[in-house]
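Some notes on the structure that comes next.
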Amino acid sequence: NKRIKYNYMDIEIQKQIIKNTEDLRYLHNYPTYPPYHEGAYIEEYFFNFFIDNLDKFSKGERYFLPIWWTDLYIGNKHKDGSIQKYLDSLDKSLKYFTVTQHDNAIQENYDIDLLHYSAGGKFGDKWLPLVCSPIKNPQSQPRDIFASFVGTLSHKRQVMFQPLTSQPNKYVIGGRGFWRAEIPKSEEQQFMDIMSRSIFALCPRGFGATSFRMYEAMQFGTIPVYISDKHCLPWDDELNWDEFCVIVSPQQVPQLDTILGKFTQEEIQTMSNKVKELYPQYFSLEGMSNNILKRI
């Protein structure tokens, strides 16, 4: 019988990578967003998960580059060239992976075998859900709103949603010009209330190709309607997104009432149950981390 050769990572090399990137794990003090978020964001959370599960990750062949890209970019610390210098120094005979949240990550050039897990939706090899800490005790209420959007209501979004605003009893469209981190608690509570009462949540892309709102909706059992010209669908090698999400382009918004109206009550209930079931397994911070581990 032929022996199968496994190229497991060398834990000592990985530990050296962790030591060499200490200065690239800069923690920037910026306003919390979304406002309910607590604790570590994606990159910091996954770093801690990786350390706690190093023995399991060592069964793979890729080495983790534990760089906190988002904090470095927001703090403009990357402009000193330190990330580029580090990437240029890496052993090109090894395989690596990294995790990013920032919409514009990775900005540096590299010629190594690097598997890029991205939540930003602009650059990347594999998509991650754009998630943060879970909403505390999402309430369940009667679904008396057909579909809703509450958030940054830019002029572009106002124009896009205009075909739906003629039915205010069916589509609740609200928010402000810019949905800041420091929104009043009353507005945050209004967002939670409307989300919990909605059958569908309208989730237009942000600056990146995805949105926190998709995964906020899931926690309420509200079916996300992903509106984007580029659809980033994490774990689509395993999940059929059509079973729990409505995926449309901005050009289809005028037909959205017809598209959503075709779903029967039974189909709606099945999709609602599915999003609540899948959220902890695939779209929470822990679920995201476990799914990276499973694939590495």
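Labels used: A, B, ... for chains in the order of the structure tokens, numbers from 1 for residues in each chain, and numbers from 1 for ligands as shown.
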
Applying 8 Å and only C-alpha atoms, which residues near His102 in chain A remain after dropping the ones on its own chain fewer than 5 positions away? List them as an mmCIF file with N, CA and C atoms, in the first residue's frame.
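selection_37.cif written:
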```cif
data_model
loop_
_atom_site.group_PDB
_atom_site.id
_atom_site.type_symbol
_atom_site.label_atom_id
_atom_site.label_comp_id
_atom_site.auth_asym_id
_atom_site.auth_seq_id
_atom_site.Cartn_x
_atom_site.Cartn_y
_atom_site.Cartn_z
ATOM 1 N N TRP A 69 -4.912 43.324 10.876
ATOM 2 C CA TRP A 69 -4.932 44.219 9.725
ATOM 3 C C TRP A 69 -5.807 45.443 9.953
ATOM 4 N N THR A 70 -7.015 45.233 10.470
ATOM 5 C CA THR A 70 -7.974 46.332 10.583
ATOM 6 C C THR A 70 -7.473 47.418 11.521
ATOM 7 N N TYR A 73 -4.633 49.300 9.840
ATOM 8 C CA TYR A 73 -5.068 50.191 8.768
ATOM 9 C C TYR A 73 -5.803 51.414 9.322
ATOM 10 N N ALA A 119 -13.485 39.057 5.459
ATOM 11 C CA ALA A 119 -14.851 39.454 5.796
ATOM 12 C C ALA A 119 -15.215 40.777 5.130
ATOM 13 N N GLY A 120 -14.218 41.459 4.546
ATOM 14 C CA GLY A 120 -14.459 42.761 3.944
ATOM 15 C C GLY A 120 -15.198 42.687 2.625
#
```

Could you find all residues in range 73-162 of chain A that DSSP calls strand (DSSP E) from the backbone, and write them as a list in words? Lys95, Tyr96, Phe97, Thr98, Val99, Thr100, Asp113, Leu114, Leu115, His116, Tyr117, Ser118, Lys126, Trp127, Ile145, Phe146, Ala147, Ser148, Phe149, Val150, Gly151 and Thr152 of chain A

Could you give me, as a PyMOL selection string, the residues within 7 Å of Gly208 in chain A, counting only C-alpha atoms and dropping anything in the same chain fewer than 3 positions from it? chain A and resi 103+120-122+205

Go ahead and write the selection's residues with N, CA and C atoms as a PDB file, in the first residue's frame.
```
ATOM      1  N   ASP A 103     -12.326  46.342   4.954  1.00  0.00           N
ATOM      2  CA  ASP A 103     -12.843  46.267   3.583  1.00  0.00           C
ATOM      3  C   ASP A 103     -11.731  46.260   2.535  1.00  0.00           C
ATOM      4  N   GLY A 120     -14.218  41.459   4.546  1.00  0.00           N
ATOM      5  CA  GLY A 120     -14.459  42.761   3.944  1.00  0.00           C
ATOM      6  C   GLY A 120     -15.198  42.687   2.625  1.00  0.00           C
ATOM      7  N   GLY A 121     -14.957  41.620   1.881  1.00  0.00           N
ATOM      8  CA  GLY A 121     -15.706  41.415   0.647  1.00  0.00           C
ATOM      9  C   GLY A 121     -15.135  42.095  -0.579  1.00  0.00           C
ATOM     10  N   LYS A 122     -13.930  42.684  -0.474  1.00  0.00           N
ATOM     11  CA  LYS A 122     -13.330  43.306  -1.654  1.00  0.00           C
ATOM     12  C   LYS A 122     -12.209  42.438  -2.201  1.00  0.00           C
ATOM     13  N   ARG A 205     -25.429  46.066   0.607  1.00  0.00           N
ATOM     14  CA  ARG A 205     -23.990  46.077   0.877  1.00  0.00           C
ATOM     15  C   ARG A 205     -23.582  47.448   1.403  1.00  0.00           C
TER      16      ARG A 205
END
```

Neighbour list for range 31-45 of chain A as a PyMOL selection string, cut-off 7 Å, only C-alpha atoms, skip fewer than 6 positions in-chain: chain A and resi 68+99-101+132-133+135+181-182+285

Atoms kept (all heavy atoms) for selection, written as an mmCIF file, in the first residue's frame:
```cif
data_model
loop_
_atom_site.group_PDB
_atom_site.id
_atom_site.type_symbol
_atom_site.label_atom_id
_atom_site.label_comp_id
_atom_site.auth_asym_id
_atom_site.auth_seq_id
_atom_site.Cartn_x
_atom_site.Cartn_y
_atom_site.Cartn_z
ATOM 1 N N TRP A 68 -3.151 41.918 12.882
ATOM 2 C CA TRP A 68 -4.435 42.594 13.101
ATOM 3 C C TRP A 68 -4.554 43.723 12.080
ATOM 4 O O TRP A 68 -4.329 44.901 12.379
ATOM 5 C CB TRP A 68 -4.541 43.084 14.536
ATOM 6 C CG TRP A 68 -4.614 41.945 15.516
ATOM 7 C CD1 TRP A 68 -4.696 40.612 15.227
ATOM 8 C CD2 TRP A 68 -4.596 42.025 16.947
ATOM 9 N NE1 TRP A 68 -4.740 39.859 16.369
ATOM 10 C CE2 TRP A 68 -4.683 40.692 17.443
ATOM 11 C CE3 TRP A 68 -4.519 43.077 17.851
ATOM 12 C CZ2 TRP A 68 -4.693 40.406 18.809
ATOM 13 C CZ3 TRP A 68 -4.532 42.801 19.205
ATOM 14 C CH2 TRP A 68 -4.628 41.483 19.685
ATOM 15 N N VAL A 99 -6.488 36.096 8.303
ATOM 16 C CA VAL A 99 -7.893 36.468 8.459
ATOM 17 C C VAL A 99 -7.984 37.983 8.508
ATOM 18 O O VAL A 99 -7.258 38.630 9.281
ATOM 19 C CB VAL A 99 -8.464 35.855 9.757
ATOM 20 C CG1 VAL A 99 -9.818 36.443 10.095
ATOM 21 C CG2 VAL A 99 -8.548 34.337 9.638
ATOM 22 N N THR A 100 -8.848 38.582 7.680
ATOM 23 C CA THR A 100 -8.990 40.043 7.669
ATOM 24 C C THR A 100 -10.455 40.449 7.761
ATOM 25 O O THR A 100 -11.340 39.740 7.282
ATOM 26 C CB THR A 100 -8.395 40.667 6.392
ATOM 27 O OG1 THR A 100 -9.229 40.332 5.273
ATOM 28 C CG2 THR A 100 -6.981 40.184 6.121
ATOM 29 N N GLN A 101 -10.665 41.614 8.365
ATOM 30 C CA GLN A 101 -12.012 42.198 8.422
ATOM 31 C C GLN A 101 -12.111 43.474 7.600
ATOM 32 O O GLN A 101 -13.147 43.758 7.016
ATOM 33 C CB GLN A 101 -12.409 42.504 9.868
ATOM 34 C CG GLN A 101 -13.776 43.199 9.986
ATOM 35 C CD GLN A 101 -14.269 43.330 11.402
ATOM 36 O OE1 GLN A 101 -13.909 42.552 12.280
ATOM 37 N NE2 GLN A 101 -15.107 44.323 11.639
ATOM 38 N N CYS A 132 -19.791 40.256 14.530
ATOM 39 C CA CYS A 132 -19.208 40.767 15.761
ATOM 40 C C CYS A 132 -19.827 39.967 16.903
ATOM 41 O O CYS A 132 -20.341 38.867 16.674
ATOM 42 C CB CYS A 132 -19.471 42.267 15.903
ATOM 43 S SG CYS A 132 -21.224 42.687 15.918
ATOM 44 N N SER A 133 -19.783 40.491 18.123
ATOM 45 C CA SER A 133 -20.381 39.748 19.232
ATOM 46 C C SER A 133 -21.893 39.661 19.048
ATOM 47 O O SER A 133 -22.496 40.517 18.390
ATOM 48 C CB SER A 133 -20.051 40.426 20.565
ATOM 49 O OG SER A 133 -20.668 41.703 20.648
ATOM 50 N N ILE A 135 -25.985 39.754 19.538
ATOM 51 C CA ILE A 135 -26.966 40.627 20.183
ATOM 52 C C ILE A 135 -27.467 39.923 21.440
ATOM 53 O O ILE A 135 -27.789 38.734 21.404
ATOM 54 C CB ILE A 135 -28.133 40.918 19.225
ATOM 55 C CG1 ILE A 135 -27.622 41.733 18.026
ATOM 56 C CG2 ILE A 135 -29.265 41.645 19.939
ATOM 57 C CD1 ILE A 135 -28.613 41.850 16.896
ATOM 58 N N ALA A 181 -21.506 55.016 15.327
ATOM 59 C CA ALA A 181 -21.318 54.140 16.483
ATOM 60 C C ALA A 181 -22.015 54.704 17.713
ATOM 61 O O ALA A 181 -22.482 53.953 18.572
ATOM 62 C CB ALA A 181 -19.829 53.963 16.766
ATOM 63 N N GLU A 182 -22.127 56.047 17.790
ATOM 64 C CA GLU A 182 -22.660 56.686 18.988
ATOM 65 C C GLU A 182 -24.151 56.989 18.868
ATOM 66 O O GLU A 182 -24.634 57.999 19.377
ATOM 67 C CB GLU A 182 -21.906 57.991 19.279
ATOM 68 C CG GLU A 182 -20.413 57.841 19.461
ATOM 69 C CD GLU A 182 -19.645 57.919 18.160
ATOM 70 O OE1 GLU A 182 -20.300 57.948 17.090
ATOM 71 O OE2 GLU A 182 -18.413 57.911 18.198
ATOM 72 N N LEU A 285 -18.965 34.406 15.956
ATOM 73 C CA LEU A 285 -17.498 34.435 15.959
ATOM 74 C C LEU A 285 -16.927 33.044 16.199
ATOM 75 O O LEU A 285 -15.960 32.632 15.553
ATOM 76 C CB LEU A 285 -16.999 35.425 17.014
ATOM 77 C CG LEU A 285 -17.159 36.902 16.658
ATOM 78 C CD1 LEU A 285 -16.940 37.779 17.889
ATOM 79 C CD2 LEU A 285 -16.188 37.304 15.548
#
```

Shell around Ser289 in chain A at 9 Å using only C-alpha atoms, local window under 3 positions removed, as a count of residues only: 12

Output as a Markdown table one row per residue of range 186-251 of chain A within 10 Å of range 154-163 of chain A: the closest atom pair and its distance in Å to one decimal place, counting only C-alpha atoms, sorted by chain and residue number ascending.
```
| residue | atom | partner | partner_atom | distance |
| --- | --- | --- | --- | --- |
| A:Leu202 | CA | A:Phe161 | CA | 9.5 |
| A:Pro204 | CA | A:Arg157 | CA | 8.2 |
| A:Pro250 | CA | A:Met160 | CA | 7.1 |
| A:Gln251 | CA | A:Met160 | CA | 8.4 |
```

Keeping C-alpha atoms, export the residues of the selection given above as a PDB file, in the first residue's frame.
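And here is the file that came out, selection01.pdb:
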```pdb
ATOM      1  CA  LEU A 202     -33.272  44.388   3.578  1.00  0.00           C
ATOM      2  CA  PRO A 204     -27.760  46.322   1.141  1.00  0.00           C
ATOM      3  CA  PRO A 250     -29.623  46.465  -6.758  1.00  0.00           C
ATOM      4  CA  GLN A 251     -31.257  46.410 -10.195  1.00  0.00           C
TER       5      GLN A 251
END
```

Hey, what's within 9 Å of range 13-28 of chain A if we count only C-alpha atoms and toss same-chain stuff fewer than 6 positions away? As a ChimeraX atom specification, please? /A:44,58,63-72,74-75,77-78,82-83,86

Go ahead and save the residues from that selection, with C-alpha atoms, as a short mmCIF file (atom, residue, chain, number, x, y, z; two decimals), in the first residue's frame.
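Wrote result05.cif, looks like this:
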```
data_model
loop_
_atom_site.label_atom_id
_atom_site.label_comp_id
_atom_site.auth_asym_id
_atom_site.auth_seq_id
_atom_site.Cartn_x
_atom_site.Cartn_y
_atom_site.Cartn_z
CA GLU A 44 -8.45 39.49 17.56
CA SER A 58 -1.03 21.92 13.65
CA TYR A 63 0.91 28.65 9.01
CA PHE A 64 -1.24 31.42 10.44
CA LEU A 65 -0.11 35.03 9.98
CA PRO A 66 -1.63 36.64 13.11
CA ILE A 67 -1.69 40.24 11.90
CA TRP A 68 -4.44 42.59 13.10
CA TRP A 69 -4.93 44.22 9.72
CA THR A 70 -7.97 46.33 10.58
CA ASP A 71 -6.47 48.02 13.63
CA LEU A 72 -3.23 48.69 11.75
CA ILE A 74 -7.47 52.32 10.83
CA GLY A 75 -4.57 53.56 12.95
CA LYS A 77 0.27 52.10 11.30
CA HIS A 78 0.72 50.21 8.05
CA SER A 82 6.18 47.24 8.54
CA ILE A 83 3.58 44.83 7.15
CA TYR A 86 7.37 41.32 7.20
#
```

Do you have, as JSON lines, the list of residues of range 72-155 of chain A lying at most 12 Å from range 236-242 of chain A, each with its nearest atom pair and that distance in Å to one decimal, counting only C-alpha atoms and ordered by chain then number?
```
{"residue": "A:Lys126", "atom": "CA", "partner": "A:Asp236", "partner_atom": "CA", "distance": 9.8}
{"residue": "A:Trp127", "atom": "CA", "partner": "A:Asp236", "partner_atom": "CA", "distance": 9.1}
{"residue": "A:Leu128", "atom": "CA", "partner": "A:Asp236", "partner_atom": "CA", "distance": 10.5}
{"residue": "A:Pro129", "atom": "CA", "partner": "A:Asp236", "partner_atom": "CA", "distance": 11.3}
```

Any chance you can output those residues with C-alpha atoms as a PDB file, in the first residue's frame?
```
ATOM      1  CA  LYS A 126     -12.462  32.749   0.831  1.00  0.00           C
ATOM      2  CA  TRP A 127     -15.290  34.792   2.320  1.00  0.00           C
ATOM      3  CA  LEU A 128     -15.972  35.134   6.022  1.00  0.00           C
ATOM      4  CA  PRO A 129     -19.191  36.448   7.540  1.00  0.00           C
TER       5      PRO A 129
END
```

Fewer than 3 positions away in the same chain doesn't count, so skip those; otherwise give me all residues within 12 Å of Thr270 in chain A, counting only C-alpha atoms, as a list in words.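 Once the adjacent positions are removed, what remains is Ile199, Gly221, Thr222, Ile223, Asp242, Glu243, Phe244, Cys245, Phe263, Thr264, Gln265, Glu266, Glu267, Asn273, Lys274, Val275, Lys276 and Glu277 of chain A.
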
Using N, CA and C atoms, can you write the selected residues to a file as a PDB file, in the first residue's frame?
```pdb
ATOM      1  N   ILE A 199     -40.457  40.095   8.773  1.00  0.00           N
ATOM      2  CA  ILE A 199     -40.297  38.790   8.125  1.00  0.00           C
ATOM      3  C   ILE A 199     -38.984  38.781   7.344  1.00  0.00           C
ATOM      4  N   GLY A 221     -34.152  35.469  13.607  1.00  0.00           N
ATOM      5  CA  GLY A 221     -34.954  34.592  12.762  1.00  0.00           C
ATOM      6  C   GLY A 221     -35.576  35.346  11.602  1.00  0.00           C
ATOM      7  N   THR A 222     -35.040  36.543  11.318  1.00  0.00           N
ATOM      8  CA  THR A 222     -35.515  37.366  10.206  1.00  0.00           C
ATOM      9  C   THR A 222     -34.716  36.988   8.962  1.00  0.00           C
ATOM     10  N   ILE A 223     -35.390  36.818   7.849  1.00  0.00           N
ATOM     11  CA  ILE A 223     -34.741  36.337   6.629  1.00  0.00           C
ATOM     12  C   ILE A 223     -33.994  37.476   5.944  1.00  0.00           C
ATOM     13  N   ASP A 242     -29.617  29.761  -0.795  1.00  0.00           N
ATOM     14  CA  ASP A 242     -31.001  29.981  -1.212  1.00  0.00           C
ATOM     15  C   ASP A 242     -32.007  29.395  -0.225  1.00  0.00           C
ATOM     16  N   GLU A 243     -31.536  28.542   0.674  1.00  0.00           N
ATOM     17  CA  GLU A 243     -32.430  27.943   1.672  1.00  0.00           C
ATOM     18  C   GLU A 243     -32.742  28.887   2.818  1.00  0.00           C
ATOM     19  N   PHE A 244     -31.949  29.959   2.967  1.00  0.00           N
ATOM     20  CA  PHE A 244     -32.170  30.829   4.134  1.00  0.00           C
ATOM     21  C   PHE A 244     -31.941  32.306   3.841  1.00  0.00           C
ATOM     22  N   CYS A 245     -31.706  32.654   2.583  1.00  0.00           N
ATOM     23  CA  CYS A 245     -31.419  34.041   2.232  1.00  0.00           C
ATOM     24  C   CYS A 245     -31.985  34.334   0.842  1.00  0.00           C
ATOM     25  N   PHE A 263     -43.020  33.849  -1.870  1.00  0.00           N
ATOM     26  CA  PHE A 263     -42.751  32.885  -0.805  1.00  0.00           C
ATOM     27  C   PHE A 263     -44.027  32.576  -0.029  1.00  0.00           C
ATOM     28  N   THR A 264     -44.301  31.295   0.151  1.00  0.00           N
ATOM     29  CA  THR A 264     -45.471  30.885   0.932  1.00  0.00           C
ATOM     30  C   THR A 264     -45.145  31.008   2.427  1.00  0.00           C
ATOM     31  N   GLN A 265     -46.186  30.986   3.264  1.00  0.00           N
ATOM     32  CA  GLN A 265     -45.977  31.046   4.712  1.00  0.00           C
ATOM     33  C   GLN A 265     -45.128  29.869   5.193  1.00  0.00           C
ATOM     34  N   GLU A 266     -45.343  28.718   4.583  1.00  0.00           N
ATOM     35  CA  GLU A 266     -44.562  27.538   4.962  1.00  0.00           C
ATOM     36  C   GLU A 266     -43.092  27.729   4.607  1.00  0.00           C
ATOM     37  N   GLU A 267     -42.801  28.274   3.426  1.00  0.00           N
ATOM     38  CA  GLU A 267     -41.416  28.515   3.011  1.00  0.00           C
ATOM     39  C   GLU A 267     -40.757  29.562   3.906  1.00  0.00           C
ATOM     40  N   ASN A 273     -36.586  29.403  10.454  1.00  0.00           N
ATOM     41  CA  ASN A 273     -36.019  28.378  11.347  1.00  0.00           C
ATOM     42  C   ASN A 273     -34.576  28.066  10.962  1.00  0.00           C
ATOM     43  N   LYS A 274     -34.323  28.079   9.653  1.00  0.00           N
ATOM     44  CA  LYS A 274     -32.987  27.734   9.163  1.00  0.00           C
ATOM     45  C   LYS A 274     -31.957  28.773   9.580  1.00  0.00           C
ATOM     46  N   VAL A 275     -32.297  30.063   9.486  1.00  0.00           N
ATOM     47  CA  VAL A 275     -31.305  31.083   9.843  1.00  0.00           C
ATOM     48  C   VAL A 275     -30.981  31.027  11.331  1.00  0.00           C
ATOM     49  N   LYS A 276     -31.978  30.773  12.164  1.00  0.00           N
ATOM     50  CA  LYS A 276     -31.721  30.666  13.607  1.00  0.00           C
ATOM     51  C   LYS A 276     -30.861  29.441  13.916  1.00  0.00           C
ATOM     52  N   GLU A 277     -31.066  28.372  13.167  1.00  0.00           N
ATOM     53  CA  GLU A 277     -30.280  27.147  13.359  1.00  0.00           C
ATOM     54  C   GLU A 277     -28.832  27.343  12.926  1.00  0.00           C
TER      55      GLU A 277
END
```

Using the chain letters and numbers from this document, which residues of range 44-189 of chain A does DSSP assign to helix (DSSP H, G or I), as a PyMOL selection string? chain A and resi 44-52+54-57+69-74+77-80+82-89+155-164+185-189
